[in-house]
file protein_36.pdb (PDB, C-alpha atoms)
ATOM      1  CA  MET C  28     111.989  87.413 116.239
ATOM      2  CA  ARG C  29     109.281  84.817 115.574
ATOM      3  CA  ALA C  30     108.866  83.561 112.017
ATOM      4  CA  ALA C  31     107.090  80.828 110.084
ATOM      5  CA  VAL C  32     109.895  78.843 108.441
ATOM      6  CA  TYR C  33     110.299  75.760 106.264
ATOM      7  CA  ASP C  34     113.225  73.946 104.684
ATOM      8  CA  ARG C  35     111.506  71.539 102.283
ATOM      9  CA  TYR C  36     108.604  71.711  99.880
ATOM     10  CA  GLY C  37     105.375  70.117 100.979
ATOM     11  CA  PRO C  38     101.972  70.610 102.634
ATOM     12  CA  PRO C  39     101.329  73.224 105.356
ATOM     13  CA  ASP C  40     102.606  70.927 108.094
ATOM     14  CA  VAL C  41     106.192  71.397 106.876
ATOM     15  CA  LEU C  42     105.947  74.911 108.339
ATOM     16  CA  ARG C  43     107.009  75.632 111.902
ATOM     17  CA  ILE C  44     107.155  78.760 114.065
ATOM     18  CA  GLU C  45     110.685  79.456 115.308
ATOM     19  CA  ASP C  46     112.753  82.170 116.954
ATOM     20  CA  VAL C  47     115.291  83.408 114.405
ATOM     21  CA  PRO C  48     117.706  86.374 114.328
ATOM     22  CA  VAL C  49     116.355  89.743 113.201
ATOM     23  CA  PRO C  50     117.933  90.435 109.788
ATOM     24  CA  ALA C  51     119.964  93.578 109.104
ATOM     25  CA  PRO C  52     119.297  95.683 106.000
ATOM     26  CA  ALA C  53     122.043  95.973 103.396
ATOM     27  CA  ALA C  54     122.505  98.815 100.926
ATOM     28  CA  ARG C  55     119.192 100.087  99.519
ATOM     29  CA  GLN C  56     117.257  97.771 101.814
ATOM     30  CA  VAL C  57     114.721  98.502 104.541
ATOM     31  CA  LEU C  58     113.950  96.536 107.704
ATOM     32  CA  VAL C  59     110.182  96.511 108.197
ATOM     33  CA  ARG C  60     108.418  95.626 111.422
ATOM     34  CA  VAL C  61     105.594  93.635 109.887
ATOM     35  CA  GLU C  62     102.046  94.362 110.980
ATOM     36  CA  ALA C  63     100.165  92.422 108.309
ATOM     37  CA  THR C  64     100.931  90.168 105.360
ATOM     38  CA  SER C  65      98.313  88.977 102.912
ATOM     39  CA  VAL C  66      98.353  85.458 101.500
ATOM     40  CA  ASN C  67      98.656  84.976  97.755
ATOM     41  CA  LEU C  68      98.293  81.850  95.662
ATOM     42  CA  SER C  69     102.006  82.269  94.897
ATOM     43  CA  ASP C  70     102.727  81.583  98.594
ATOM     44  CA  TRP C  71     100.819  78.306  98.378
ATOM     45  CA  GLU C  72     102.642  77.320  95.200
ATOM     46  CA  THR C  73     106.059  78.138  96.667
ATOM     47  CA  LEU C  74     105.224  76.211  99.827
ATOM     48  CA  ARG C  75     104.409  73.088  97.803
ATOM     49  CA  GLY C  76     107.026  73.625  95.097
ATOM     50  CA  THR C  77     104.517  73.187  92.314
ATOM     51  CA  PRO C  78     104.070  74.279  89.538
ATOM     52  CA  LEU C  79     107.744  73.988  88.674
ATOM     53  CA  TYR C  80     108.190  77.730  88.151
ATOM     54  CA  SER C  81     107.586  78.218  91.885
ATOM     55  CA  ARG C  82     111.005  76.623  92.489
ATOM     56  CA  ILE C  83     112.972  79.284  90.640
ATOM     57  CA  GLY C  84     116.121  79.884  92.683
ATOM     58  CA  GLY C  85     115.614  76.709  94.723
ATOM     59  CA  MET C  86     114.966  73.553  92.709
ATOM     60  CA  ARG C  87     115.732  71.076  95.500
ATOM     61  CA  ALA C  88     114.872  73.184  98.552
ATOM     62  CA  PRO C  89     113.181  76.568  99.163
ATOM     63  CA  ALA C  90     115.319  79.568  98.279
ATOM     64  CA  ARG C  91     113.846  81.569 101.164
ATOM     65  CA  PRO C  92     112.993  80.032 104.564
ATOM     66  CA  THR C  93     110.024  82.347 105.175
ATOM     67  CA  LEU C  94     107.179  83.008 102.766
ATOM     68  CA  GLY C  95     104.968  86.088 102.502
ATOM     69  CA  SER C  96     105.517  88.878  99.979
ATOM     70  CA  ASP C  97     102.639  91.357 100.372
ATOM     71  CA  ILE C  98     103.709  93.154 103.538
ATOM     72  CA  ALA C  99     102.553  96.216 105.453
ATOM     73  CA  GLY C 100     104.223  97.656 108.522
ATOM     74  CA  ARG C 101     106.570 100.287 109.935
ATOM     75  CA  VAL C 102     110.162 100.992 108.976
ATOM     76  CA  GLU C 103     112.429  99.826 111.793
ATOM     77  CA  SER C 104     115.779 100.754 110.226
ATOM     78  CA  VAL C 105     117.299 101.456 106.829
ATOM     79  CA  GLY C 106     120.485 100.368 105.117
ATOM     80  CA  PRO C 107     123.071 102.577 103.409
ATOM     81  CA  ASP C 108     121.900 104.661 100.449
ATOM     82  CA  VAL C 109     118.185 104.492 101.350
ATOM     83  CA  THR C 110     116.718 107.940 100.674
ATOM     84  CA  ARG C 111     112.926 107.510 100.526
ATOM     85  CA  PHE C 112     112.229 106.132 103.994
ATOM     86  CA  ARG C 113     113.230 106.582 107.609
ATOM     87  CA  PRO C 114     112.388 104.728 110.829
ATOM     88  CA  GLY C 115     108.745 105.068 111.799
ATOM     89  CA  ASP C 116     107.387 105.428 108.261
ATOM     90  CA  GLU C 117     104.331 103.300 107.508
ATOM     91  CA  VAL C 118     104.946 101.291 104.341
ATOM     92  CA  TYR C 119     103.517  98.484 102.210
ATOM     93  CA  GLY C 120     104.614  96.619  99.106
ATOM     94  CA  ASP C 121     105.123  93.355  97.228
ATOM     95  CA  ASN C 122     108.391  91.861  98.479
ATOM     96  CA  LEU C 123     108.245  89.026  95.950
ATOM     97  CA  VAL C 124     112.009  88.553  95.584
ATOM     98  CA  LEU C 125     113.031  88.432  99.249
ATOM     99  CA  LYS C 126     109.692  87.393 100.815
ATOM    100  CA  GLY C 127     109.838  86.972 104.622
ATOM    101  CA  GLY C 128     106.474  88.536 105.465
ATOM    102  CA  PHE C 129     105.286  85.738 107.749
ATOM    103  CA  ALA C 130     107.588  87.001 110.483
ATOM    104  CA  GLN C 131     107.824  89.895 112.891
ATOM    105  CA  TYR C 132     110.471  91.620 110.750
ATOM    106  CA  ALA C 133     111.248  91.466 107.039
ATOM    107  CA  ILE C 134     113.937  92.899 104.783
ATOM    108  CA  ALA C 135     112.686  94.540 101.577
ATOM    109  CA  PRO C 136     114.334  96.537  98.785
ATOM    110  CA  GLU C 137     113.565 100.231  99.040
ATOM    111  CA  SER C 138     112.245 100.070  95.469
ATOM    112  CA  ALA C 139     109.532  97.528  96.418
ATOM    113  CA  LEU C 140     107.877  99.754  99.024
ATOM    114  CA  SER C 141     105.551 102.726  99.109
ATOM    115  CA  ARG C 142     104.145 104.824 101.947
ATOM    116  CA  LYS C 143     100.919 103.350 103.266
ATOM    117  CA  PRO C 144      97.864 105.570 102.709
ATOM    118  CA  GLU C 145      96.573 106.842 106.057
ATOM    119  CA  ALA C 146      93.038 105.836 105.130
ATOM    120  CA  LEU C 147      93.969 102.149 104.883
ATOM    121  CA  THR C 148      94.677  99.815 107.762
ATOM    122  CA  TYR C 149      97.780  97.652 107.608
ATOM    123  CA  ALA C 150      95.598  94.652 106.794
ATOM    124  CA  GLU C 151      93.859  96.484 103.955
ATOM    125  CA  ALA C 152      97.113  97.806 102.498
ATOM    126  CA  SER C 153      98.657  94.335 102.498
ATOM    127  CA  THR C 154      95.934  93.010 100.183
ATOM    128  CA  ILE C 155      96.766  95.319  97.287
ATOM    129  CA  PRO C 156     100.334  95.062  95.906
ATOM    130  CA  GLN C 157     100.195  91.676  94.183
ATOM    131  CA  ALA C 158      96.491  90.911  93.753
ATOM    132  CA  GLY C 159      95.608  94.477  92.838
ATOM    133  CA  VAL C 160      98.319  94.749  90.205
ATOM    134  CA  ILE C 161      97.331  91.467  88.541
ATOM    135  CA  ALA C 162      93.721  92.655  88.367
ATOM    136  CA  TRP C 163      94.681  96.158  87.198
ATOM    137  CA  GLN C 164      96.929  94.974  84.384
ATOM    138  CA  GLY C 165      94.748  92.001  83.524
ATOM    139  CA  THR C 166      91.702  94.190  82.851
ATOM    140  CA  ALA C 167      93.590  97.022  81.122
ATOM    141  CA  GLY C 168      92.089  97.959  77.774
ATOM    142  CA  VAL C 169      88.567  96.742  78.530
ATOM    143  CA  GLN C 170      85.947  98.821  76.694
ATOM    144  CA  PRO C 171      82.315  99.542  77.663
ATOM    145  CA  GLY C 172      79.968  96.810  76.541
ATOM    146  CA  GLN C 173      82.629  94.139  76.129
ATOM    147  CA  ARG C 174      82.126  90.673  77.570
ATOM    148  CA  VAL C 175      84.793  89.735  80.127
ATOM    149  CA  LEU C 176      85.271  86.375  81.825
ATOM    150  CA  ILE C 177      87.508  85.939  84.865
ATOM    151  CA  ASN C 178      88.480  82.381  85.770
ATOM    152  CA  GLY C 179      89.318  82.060  89.474
ATOM    153  CA  ALA C 180      87.332  85.207  90.173
ATOM    154  CA  GLY C 181      86.454  84.388  93.786
ATOM    155  CA  GLY C 182      89.970  84.881  95.155
ATOM    156  CA  GLY C 183      92.091  87.941  95.864
ATOM    157  CA  SER C 184      93.007  89.028  92.330
ATOM    158  CA  GLY C 185      89.611  88.015  91.008
ATOM    159  CA  ALA C 186      87.754  90.146  93.542
ATOM    160  CA  PHE C 187      89.618  93.238  92.352
ATOM    161  CA  ALA C 188      89.329  92.226  88.690
ATOM    162  CA  ILE C 189      85.537  91.879  88.792
ATOM    163  CA  GLN C 190      85.186  95.369  90.221
ATOM    164  CA  LEU C 191      87.669  96.930  87.804
ATOM    165  CA  ALA C 192      86.058  95.350  84.752
ATOM    166  CA  LYS C 193      82.615  96.511  85.887
ATOM    167  CA  ARG C 194      83.879 100.053  86.401
ATOM    168  CA  LEU C 195      85.165  99.964  82.823
ATOM    169  CA  GLY C 196      81.647  99.145  81.651
ATOM    170  CA  ALA C 197      82.062  95.454  80.857
ATOM    171  CA  GLU C 198      79.587  92.618  81.200
ATOM    172  CA  VAL C 199      81.445  90.354  83.626
ATOM    173  CA  THR C 200      81.252  86.599  84.177
ATOM    174  CA  GLY C 201      83.063  85.079  87.131
ATOM    175  CA  VAL C 202      84.146  81.433  87.320
ATOM    176  CA  ASP C 203      85.032  79.601  90.538
ATOM    177  CA  ASN C 204      83.691  76.854  92.810
ATOM    178  CA  ALA C 205      80.071  76.694  93.933
ATOM    179  CA  GLY C 206      80.836  78.219  97.331
ATOM    180  CA  LYS C 207      81.924  81.475  95.698
ATOM    181  CA  LEU C 208      79.035  82.157  93.310
ATOM    182  CA  GLY C 209      77.211  84.530  95.649
ATOM    183  CA  PHE C 210      80.450  86.280  96.551
ATOM    184  CA  MET C 211      81.271  86.976  92.905
ATOM    185  CA  ARG C 212      77.794  88.376  92.306
ATOM    186  CA  SER C 213      78.137  90.602  95.373
ATOM    187  CA  LEU C 214      81.193  92.172  93.737
ATOM    188  CA  GLY C 215      79.178  93.026  90.635
ATOM    189  CA  ALA C 216      79.551  89.972  88.401
ATOM    190  CA  ASP C 217      76.633  89.745  85.969
ATOM    191  CA  ALA C 218      76.951  85.959  85.839
ATOM    192  CA  ALA C 219      78.713  83.378  87.996
ATOM    193  CA  ILE C 220      79.719  79.890  86.850
ATOM    194  CA  ASP C 221      80.595  76.866  88.970
ATOM    195  CA  TYR C 222      83.484  75.346  87.032
ATOM    196  CA  ARG C 223      82.528  71.869  88.261
ATOM    197  CA  ARG C 224      79.100  72.091  86.589
ATOM    198  CA  ALA C 225      79.743  74.082  83.418
ATOM    199  CA  ASP C 226      82.551  74.495  80.900
ATOM    200  CA  PHE C 227      83.168  78.233  80.652
ATOM    201  CA  THR C 228      84.957  77.835  77.320
ATOM    202  CA  ARG C 229      81.569  76.913  75.818
ATOM    203  CA  THR C 230      79.641  79.857  77.261
ATOM    204  CA  GLY C 231      81.147  82.754  75.304
ATOM    205  CA  PRO C 232      82.217  84.249  73.164
ATOM    206  CA  TYR C 233      84.142  86.751  75.290
ATOM    207  CA  ASP C 234      86.210  89.771  74.349
ATOM    208  CA  LEU C 235      88.607  89.118  77.247
ATOM    209  CA  VAL C 236      89.322  86.005  79.277
ATOM    210  CA  LEU C 237      91.533  86.649  82.301
ATOM    211  CA  ASP C 238      92.612  83.250  83.589
ATOM    212  CA  LEU C 239      94.077  83.159  87.089
ATOM    213  CA  VAL C 240      94.223  79.338  87.262
ATOM    214  CA  ALA C 241      95.037  78.161  83.733
ATOM    215  CA  HIS C 242      94.862  74.424  83.054
ATOM    216  CA  ARG C 243      92.878  73.989  79.812
ATOM    217  CA  SER C 244      94.013  73.550  76.211
ATOM    218  CA  VAL C 245      94.774  76.486  73.938
ATOM    219  CA  PHE C 246      91.993  75.320  71.595
ATOM    220  CA  ALA C 247      89.443  75.517  74.408
ATOM    221  CA  TYR C 248      90.559  79.063  75.190
ATOM    222  CA  ARG C 249      90.363  79.988  71.495
ATOM    223  CA  ARG C 250      86.802  78.658  71.411
ATOM    224  CA  ALA C 251      85.865  80.979  74.293
ATOM    225  CA  LEU C 252      87.047  84.119  72.485
ATOM    226  CA  ALA C 253      85.197  86.339  70.056
ATOM    227  CA  PRO C 254      87.095  87.371  66.910
ATOM    228  CA  GLY C 255      89.641  89.960  67.999
ATOM    229  CA  GLY C 256      89.321  88.771  71.608
ATOM    230  CA  ARG C 257      92.140  88.414  74.119
ATOM    231  CA  TYR C 258      93.095  85.581  76.457
ATOM    232  CA  ARG C 259      95.599  86.342  79.223
ATOM    233  CA  CYS C 260      96.667  83.900  81.927
ATOM    234  CA  VAL C 261      98.662  84.471  85.079
ATOM    235  CA  GLY C 262      99.162  81.398  87.219
ATOM    236  CA  GLY C 263      98.112  77.832  86.585
ATOM    237  CA  SER C 264      99.803  74.582  85.659
ATOM    238  CA  MET C 265     103.230  74.585  84.042
ATOM    239  CA  SER C 266     101.959  72.597  81.068
ATOM    240  CA  ALA C 267      99.100  75.025  80.448
ATOM    241  CA  LEU C 268     101.403  78.045  80.562
ATOM    242  CA  LEU C 269     103.866  76.401  78.174
ATOM    243  CA  ARG C 270     101.038  75.574  75.764
ATOM    244  CA  VAL C 271      99.835  79.178  75.845
ATOM    245  CA  LEU C 272     103.361  80.464  75.185
ATOM    246  CA  THR C 273     104.002  78.075  72.290
ATOM    247  CA  VAL C 274     100.814  76.834  70.637
ATOM    248  CA  GLY C 275      98.926  79.982  71.610
ATOM    249  CA  SER C 276     101.392  82.215  69.787
ATOM    250  CA  VAL C 277     100.517  80.363  66.558
ATOM    251  CA  VAL C 278      96.811  79.569  67.000
ATOM    252  CA  GLY C 279      95.927  83.075  68.151
ATOM    253  CA  PRO C 280      97.049  85.076  65.102
ATOM    254  CA  LEU C 281      95.740  82.426  62.703
ATOM    255  CA  THR C 282      92.241  82.782  64.169
ATOM    256  CA  ARG C 283      92.261  86.547  64.817
ATOM    257  CA  ARG C 284      92.566  86.080  68.586
ATOM    258  CA  ARG C 285      95.336  87.053  70.985
ATOM    259  CA  ILE C 286      96.384  84.277  73.344
ATOM    260  CA  GLY C 287      99.235  84.829  75.780
ATOM    261  CA  VAL C 288     100.598  85.058  79.307
ATOM    262  CA  LEU C 289     100.141  88.275  81.270
ATOM    263  CA  ALA C 290     103.620  89.648  82.018
ATOM    264  CA  VAL C 291     102.914  91.354  85.346
ATOM    265  CA  ARG C 292     104.902  94.514  86.030
ATOM    266  CA  GLU C 293     105.694  94.978  89.708
ATOM    267  CA  GLY C 294     106.429  97.881  92.013
ATOM    268  CA  PRO C 295     104.833 100.972  93.561
ATOM    269  CA  ALA C 296     104.124 102.636  90.208
ATOM    270  CA  HIS C 297     101.788  99.752  89.447
ATOM    271  CA  PHE C 298     100.058  99.121  92.794
ATOM    272  CA  GLU C 299      99.651 102.735  93.956
ATOM    273  CA  PRO C 300      96.878 103.458  91.389
ATOM    274  CA  VAL C 301      94.892 100.538  92.819
ATOM    275  CA  ALA C 302      95.383 101.782  96.378
ATOM    276  CA  ASP C 303      94.267 105.269  95.307
ATOM    277  CA  ARG C 304      90.997 103.829  94.020
ATOM    278  CA  CYS C 305      90.494 101.866  97.222
ATOM    279  CA  VAL C 306      90.988 105.050  99.250
ATOM    280  CA  ALA C 307      88.557 106.892  96.970
ATOM    281  CA  GLY C 308      85.926 104.220  97.556
ATOM    282  CA  GLU C 309      85.919 103.099  93.921
ATOM    283  CA  LEU C 310      87.188  99.616  94.824
ATOM    284  CA  GLU C 311      86.191  97.566  97.837
ATOM    285  CA  ILE C 312      88.782  95.507  99.697
ATOM    286  CA  ARG C 313      87.272  92.162 100.647
ATOM    287  CA  ILE C 314      89.081  90.383 103.498
ATOM    288  CA  ASP C 315      87.619  86.942 104.110
ATOM    289  CA  ARG C 316      89.517  86.032 107.260
ATOM    290  CA  THR C 317      92.502  87.067 109.343
ATOM    291  CA  PHE C 318      94.926  84.674 111.019
ATOM    292  CA  SER C 319      97.692  85.063 113.589
ATOM    293  CA  LEU C 320     101.360  84.292 112.937
ATOM    294  CA  ASP C 321     100.908  80.953 114.702
ATOM    295  CA  GLU C 322      98.140  80.148 112.212
ATOM    296  CA  VAL C 323     100.156  80.665 109.017
ATOM    297  CA  PRO C 324      99.759  76.987 107.977
ATOM    298  CA  GLU C 325      95.973  77.289 108.293
ATOM    299  CA  ALA C 326      95.988  80.595 106.399
ATOM    300  CA  LEU C 327      97.927  79.098 103.493
ATOM    301  CA  ALA C 328      95.649  76.060 103.368
ATOM    302  CA  HIS C 329      92.546  78.281 103.361
ATOM    303  CA  VAL C 330      93.817  80.009 100.210
ATOM    304  CA  GLY C 331      95.473  77.058  98.520
ATOM    305  CA  GLU C 332      92.466  74.777  98.894
ATOM    306  CA  GLY C 333      90.186  77.356  97.251
ATOM    307  CA  ARG C 334      88.132  78.341 100.283
ATOM    308  CA  ALA C 335      89.013  82.046 100.510
ATOM    309  CA  LEU C 336      86.419  84.624  99.455
ATOM    310  CA  GLY C 337      88.698  87.454  98.431
ATOM    311  CA  LYS C 338      91.845  88.053 100.476
ATOM    312  CA  VAL C 339      93.243  86.343 103.560
ATOM    313  CA  VAL C 340      95.554  88.278 105.893
ATOM    314  CA  VAL C 341      98.010  87.226 108.580
ATOM    315  CA  LEU C 342      98.111  89.807 111.378
ATOM    316  CA  VAL C 343     101.667  89.762 112.718
ATOM    317  CA  GLY C 344     101.940  92.918 114.828
TER
END

call {"tool": "encode", "arguments": {"input": "protein_36.pdb", "output": "structure tokens"}}
result
Amino acid sequence: MRAAVYDRYGPPDVLRIEDVPVPAPAARQVLVRVEATSVNLSDWETLRGTPLYSRIGGMRAPARPTLGSDIAGRVESVGPDVTRFRPGDEVYGDNLVLKGGFAQYAIAPESALSRKPEALTYAEASTIPQAGVIAWQGTAGVQPGQRVLINGAGGGSGAFAIQLAKRLGAEVTGVDNAGKLGFMRSLGADAAIDYRRADFTRTGPYDLVLDLVAHRSVFAYRRALAPGGRYRCVGGSMSALLRVLTVGSVVGPLTRRRIGVLAVREGPAHFEPVADRCVAGELEIRIDRTFSLDEVPEALAHVGEGRALGKVVVLVG
């Protein structure tokens, strides 16, 4: 099979397309013929090996030779003890542990997959498992009339988060680069901020700040929150996350704010509700561009360099 592989951390040019053996599923694993894989910021981070948490399992060299976790395709074969799927089933899921989606075939745990809704294309289904779950859990608990700010709102998770927060009745502000202001408004954002021109931590106060690219100080985040407000980050620099986990746990309660890291729960039970709302027309899937397997380096750069408006998908099949 053809696969995008790499053996050292670095920029997109460390990737190469090679012919490699088709893997065989072990117990409770499924071999998926990949049709589409969406690109997440986590792919970019694991390609470059930064922040440091992206090297978990492979400090000196990548733990997995092929990136790509949000896959959609058809079951080719199943390993022993698989009971939920059989060859020919259309599936999708977040294969975050094993990855391998930027290839013609990928091995995934049975528990990571769900049957693809008939109403969604493979490309559409591949956009949901990781980005949709982050948005779904990140906006949970929002009440009508609350002020919500989403930092990094012009990307995949942000596009879902804007829509979800609006459906919950919030007043939503999106933050990203200048090229994404119109895109965020088109998703329903009431206000859009270019982070290069304005400091969003001085524009509140907000009842919820969902930070998808954390890099500021805990005290700046505290300033952005209304009393009783919540700050949740997922992704960002290692130093910012450590500050949130340590200093934030003290500063938050002392100032009647909640400052912490969003502990994302994975799996079909968490991404299926998002897919159901996409099928029902309550959420719109925004795919900026599609790339071929040969163009995986370009696809990763498009996301990692902040140019993607919503999701980017690699069409493999």

call {"tool": "resolve_selection", "arguments": {"input": "protein_36.pdb", "expression": "the PyMOL selection byres ((chain C and resi 71) around 8)", "output": "list in words"}}
result
Asn67, Leu68, Ser69, Asp70, Glu72, Thr73, Leu74, Arg75, Leu327, Ala328, Val330 and Gly331 of chain C

call {"tool": "resolve_selection", "arguments": {"input": "protein_36.pdb", "expression": "the PyMOL selection byres ((chain C and resi 43) around 12)", "output": "list of chain:residue names"}}
result
C:Arg29, C:Ala30, C:Ala31, C:Val32, C:Tyr33, C:Asp34, C:Arg35, C:Pro38, C:Pro39, C:Asp40, C:Val41, C:Leu42, C:Ile44, C:Glu45, C:Asp46, C:Val47, C:Pro92, C:Thr93, C:Leu94, C:Phe129, C:Ala130, C:Leu320, C:Asp321, C:Glu322, C:Val323, C:Pro324, C:Glu325

call {"tool": "resolve_selection", "arguments": {"input": "protein_36.pdb", "expression": "the PyMOL selection byres ((chain C and resi 194) around 12)", "output": "list in words"}}
result
Trp163, Thr166, Ala167, Val169, Gln170, Pro171, Gly172, Gln173, Phe187, Ala188, Ile189, Gln190, Leu191, Ala192, Lys193, Leu195, Gly196, Ala197, Glu198, Val199, Leu214, Gly215, Ala216, Arg304, Glu309, Leu310 and Glu311 of chain C

call {"tool": "atom_distance", "arguments": {"input": "protein_36.pdb", "atom1": "atom CA of Leu239 of chain C", "atom2": "atom CA of Leu123 of chain C"}}
result
17.7 Å

call {"tool": "closest_residue", "arguments": {"input": "protein_36.pdb", "among": "C:Gly279, C:Gly182, C:Gly127, C:Gly76", "to": "Ala158 of chain C", "atoms": "only C-alpha atoms"}}
result
C:Gly182

call {"tool": "closest_residue", "arguments": {"input": "protein_36.pdb", "among": "C:Val343, C:Cys260, C:Ala88, C:Val271", "to": "Ser65 of chain C", "atoms": "only C-alpha atoms"}}
result
C:Val343

call {"tool": "closest_residue", "arguments": {"input": "protein_36.pdb", "among": "C:Arg91, C:Arg284, C:Arg313, C:Arg111", "to": "Val124 of chain C", "atoms": "all atoms listed in the file"}}
result
C:Arg91

call {"tool": "closest_residue", "arguments": {"input": "protein_36.pdb", "among": "C:Ile312, C:Val306, C:Ala253, C:Leu269", "to": "Thr282 of chain C", "atoms": "only C-alpha atoms"}}
result
C:Ala253

call {"tool": "closest_residue", "arguments": {"input": "protein_36.pdb", "among": "C:Asn178, C:Gln164, C:Ser138, C:Gln56", "to": "Leu289 of chain C", "atoms": "all atoms listed in the file"}}
result
C:Gln164

call {"tool": "residues_near_point", "arguments": {"input": "protein_36.pdb", "point": "(92.3, 90.0, 99.0)", "cutoff": "12 Å", "atoms": "only C-alpha atoms", "output": "PDB file with C-alpha atoms, in the frame of the given file"}}
result
ATOM      1  CA  THR C  64     100.931  90.168 105.360  1.00  0.00           C
ATOM      2  CA  SER C  65      98.313  88.977 102.912  1.00  0.00           C
ATOM      3  CA  VAL C  66      98.353  85.458 101.500  1.00  0.00           C
ATOM      4  CA  ASN C  67      98.656  84.976  97.755  1.00  0.00           C
ATOM      5  CA  LEU C  68      98.293  81.850  95.662  1.00  0.00           C
ATOM      6  CA  ASP C  97     102.639  91.357 100.372  1.00  0.00           C
ATOM      7  CA  ALA C 150      95.598  94.652 106.794  1.00  0.00           C
ATOM      8  CA  GLU C 151      93.859  96.484 103.955  1.00  0.00           C
ATOM      9  CA  ALA C 152      97.113  97.806 102.498  1.00  0.00           C
ATOM     10  CA  SER C 153      98.657  94.335 102.498  1.00  0.00           C
ATOM     11  CA  THR C 154      95.934  93.010 100.183  1.00  0.00           C
ATOM     12  CA  ILE C 155      96.766  95.319  97.287  1.00  0.00           C
ATOM     13  CA  PRO C 156     100.334  95.062  95.906  1.00  0.00           C
ATOM     14  CA  GLN C 157     100.195  91.676  94.183  1.00  0.00           C
ATOM     15  CA  ALA C 158      96.491  90.911  93.753  1.00  0.00           C
ATOM     16  CA  GLY C 159      95.608  94.477  92.838  1.00  0.00           C
ATOM     17  CA  VAL C 160      98.319  94.749  90.205  1.00  0.00           C
ATOM     18  CA  ILE C 161      97.331  91.467  88.541  1.00  0.00           C
ATOM     19  CA  ALA C 162      93.721  92.655  88.367  1.00  0.00           C
ATOM     20  CA  ALA C 180      87.332  85.207  90.173  1.00  0.00           C
ATOM     21  CA  GLY C 181      86.454  84.388  93.786  1.00  0.00           C
ATOM     22  CA  GLY C 182      89.970  84.881  95.155  1.00  0.00           C
ATOM     23  CA  GLY C 183      92.091  87.941  95.864  1.00  0.00           C
ATOM     24  CA  SER C 184      93.007  89.028  92.330  1.00  0.00           C
ATOM     25  CA  GLY C 185      89.611  88.015  91.008  1.00  0.00           C
ATOM     26  CA  ALA C 186      87.754  90.146  93.542  1.00  0.00           C
ATOM     27  CA  PHE C 187      89.618  93.238  92.352  1.00  0.00           C
ATOM     28  CA  ALA C 188      89.329  92.226  88.690  1.00  0.00           C
ATOM     29  CA  LEU C 310      87.188  99.616  94.824  1.00  0.00           C
ATOM     30  CA  GLU C 311      86.191  97.566  97.837  1.00  0.00           C
ATOM     31  CA  ILE C 312      88.782  95.507  99.697  1.00  0.00           C
ATOM     32  CA  ARG C 313      87.272  92.162 100.647  1.00  0.00           C
ATOM     33  CA  ILE C 314      89.081  90.383 103.498  1.00  0.00           C
ATOM     34  CA  ASP C 315      87.619  86.942 104.110  1.00  0.00           C
ATOM     35  CA  ARG C 316      89.517  86.032 107.260  1.00  0.00           C
ATOM     36  CA  THR C 317      92.502  87.067 109.343  1.00  0.00           C
ATOM     37  CA  VAL C 330      93.817  80.009 100.210  1.00  0.00           C
ATOM     38  CA  ALA C 335      89.013  82.046 100.510  1.00  0.00           C
ATOM     39  CA  LEU C 336      86.419  84.624  99.455  1.00  0.00           C
ATOM     40  CA  GLY C 337      88.698  87.454  98.431  1.00  0.00           C
ATOM     41  CA  LYS C 338      91.845  88.053 100.476  1.00  0.00           C
ATOM     42  CA  VAL C 339      93.243  86.343 103.560  1.00  0.00           C
ATOM     43  CA  VAL C 340      95.554  88.278 105.893  1.00  0.00           C
ATOM     44  CA  VAL C 341      98.010  87.226 108.580  1.00  0.00           C
TER      45      VAL C 341
END

call {"tool": "atom_distance", "arguments": {"input": "protein_36.pdb", "atom1": "atom CA of Arg250 of chain C", "atom2": "atom CA of Gly201 of chain C"}}
result
17.4 Å

call {"tool": "residues_near_point", "arguments": {"input": "protein_36.pdb", "point": "(82.8, 79.7, 72.8)", "cutoff": "7 Å", "atoms": "all atoms listed in the file", "output": "PyMOL selection string"}}
result
chain C and resi 228-232+250-252

call {"tool": "residues_around", "arguments": {"input": "protein_36.pdb", "residues": "Arg60 of chain C", "least_positions_apart": "5", "cutoff": "10 Å", "atoms": "only C-alpha atoms", "output": "list in words"}}
result
Ile98, Ala99, Gly100, Arg101, Val102, Glu103, Ser104, Pro114, Gly115, Glu117, Val118, Gly128, Ala130, Gln131, Tyr132, Ala133, Ile134, Val343 and Gly344 of chain C

call {"tool": "closest_atom_pairs", "arguments": {"input": "protein_36.pdb", "of": "segment 164-208 of chain C", "to": "segment 217-226 of chain C", "cutoff": "6 Å", "atoms": "all atoms listed in the file", "output": "Markdown table"}}
result
| residue | atom | partner | partner_atom | distance |
| --- | --- | --- | --- | --- |
| C:Val199 | CA | C:Asp217 | CA | 5.4 |
| C:Thr200 | CA | C:Ala218 | CA | 4.7 |
| C:Gly201 | CA | C:Ala219 | CA | 4.8 |
| C:Val202 | CA | C:Ile220 | CA | 4.7 |
| C:Asp203 | CA | C:Asp221 | CA | 5.4 |
| C:Asn204 | CA | C:Asp221 | CA | 4.9 |
| C:Ala205 | CA | C:Asp221 | CA | 5.0 |
| C:Leu208 | CA | C:Ala219 | CA | 5.5 |

call {"tool": "write_last_selection", "arguments": {"input": "protein_36.pdb", "atoms": "C-alpha atoms", "output": "short mmCIF file (atom, residue, chain, number, x, y, z; two decimals), in the coordinates of the input"}}
result
data_model
loop_
_atom_site.label_atom_id
_atom_site.label_comp_id
_atom_site.auth_asym_id
_atom_site.auth_seq_id
_atom_site.Cartn_x
_atom_site.Cartn_y
_atom_site.Cartn_z
CA VAL C 199 81.44 90.35 83.63
CA THR C 200 81.25 86.60 84.18
CA GLY C 201 83.06 85.08 87.13
CA VAL C 202 84.15 81.43 87.32
CA ASP C 203 85.03 79.60 90.54
CA ASN C 204 83.69 76.85 92.81
CA ALA C 205 80.07 76.69 93.93
CA LEU C 208 79.04 82.16 93.31
#
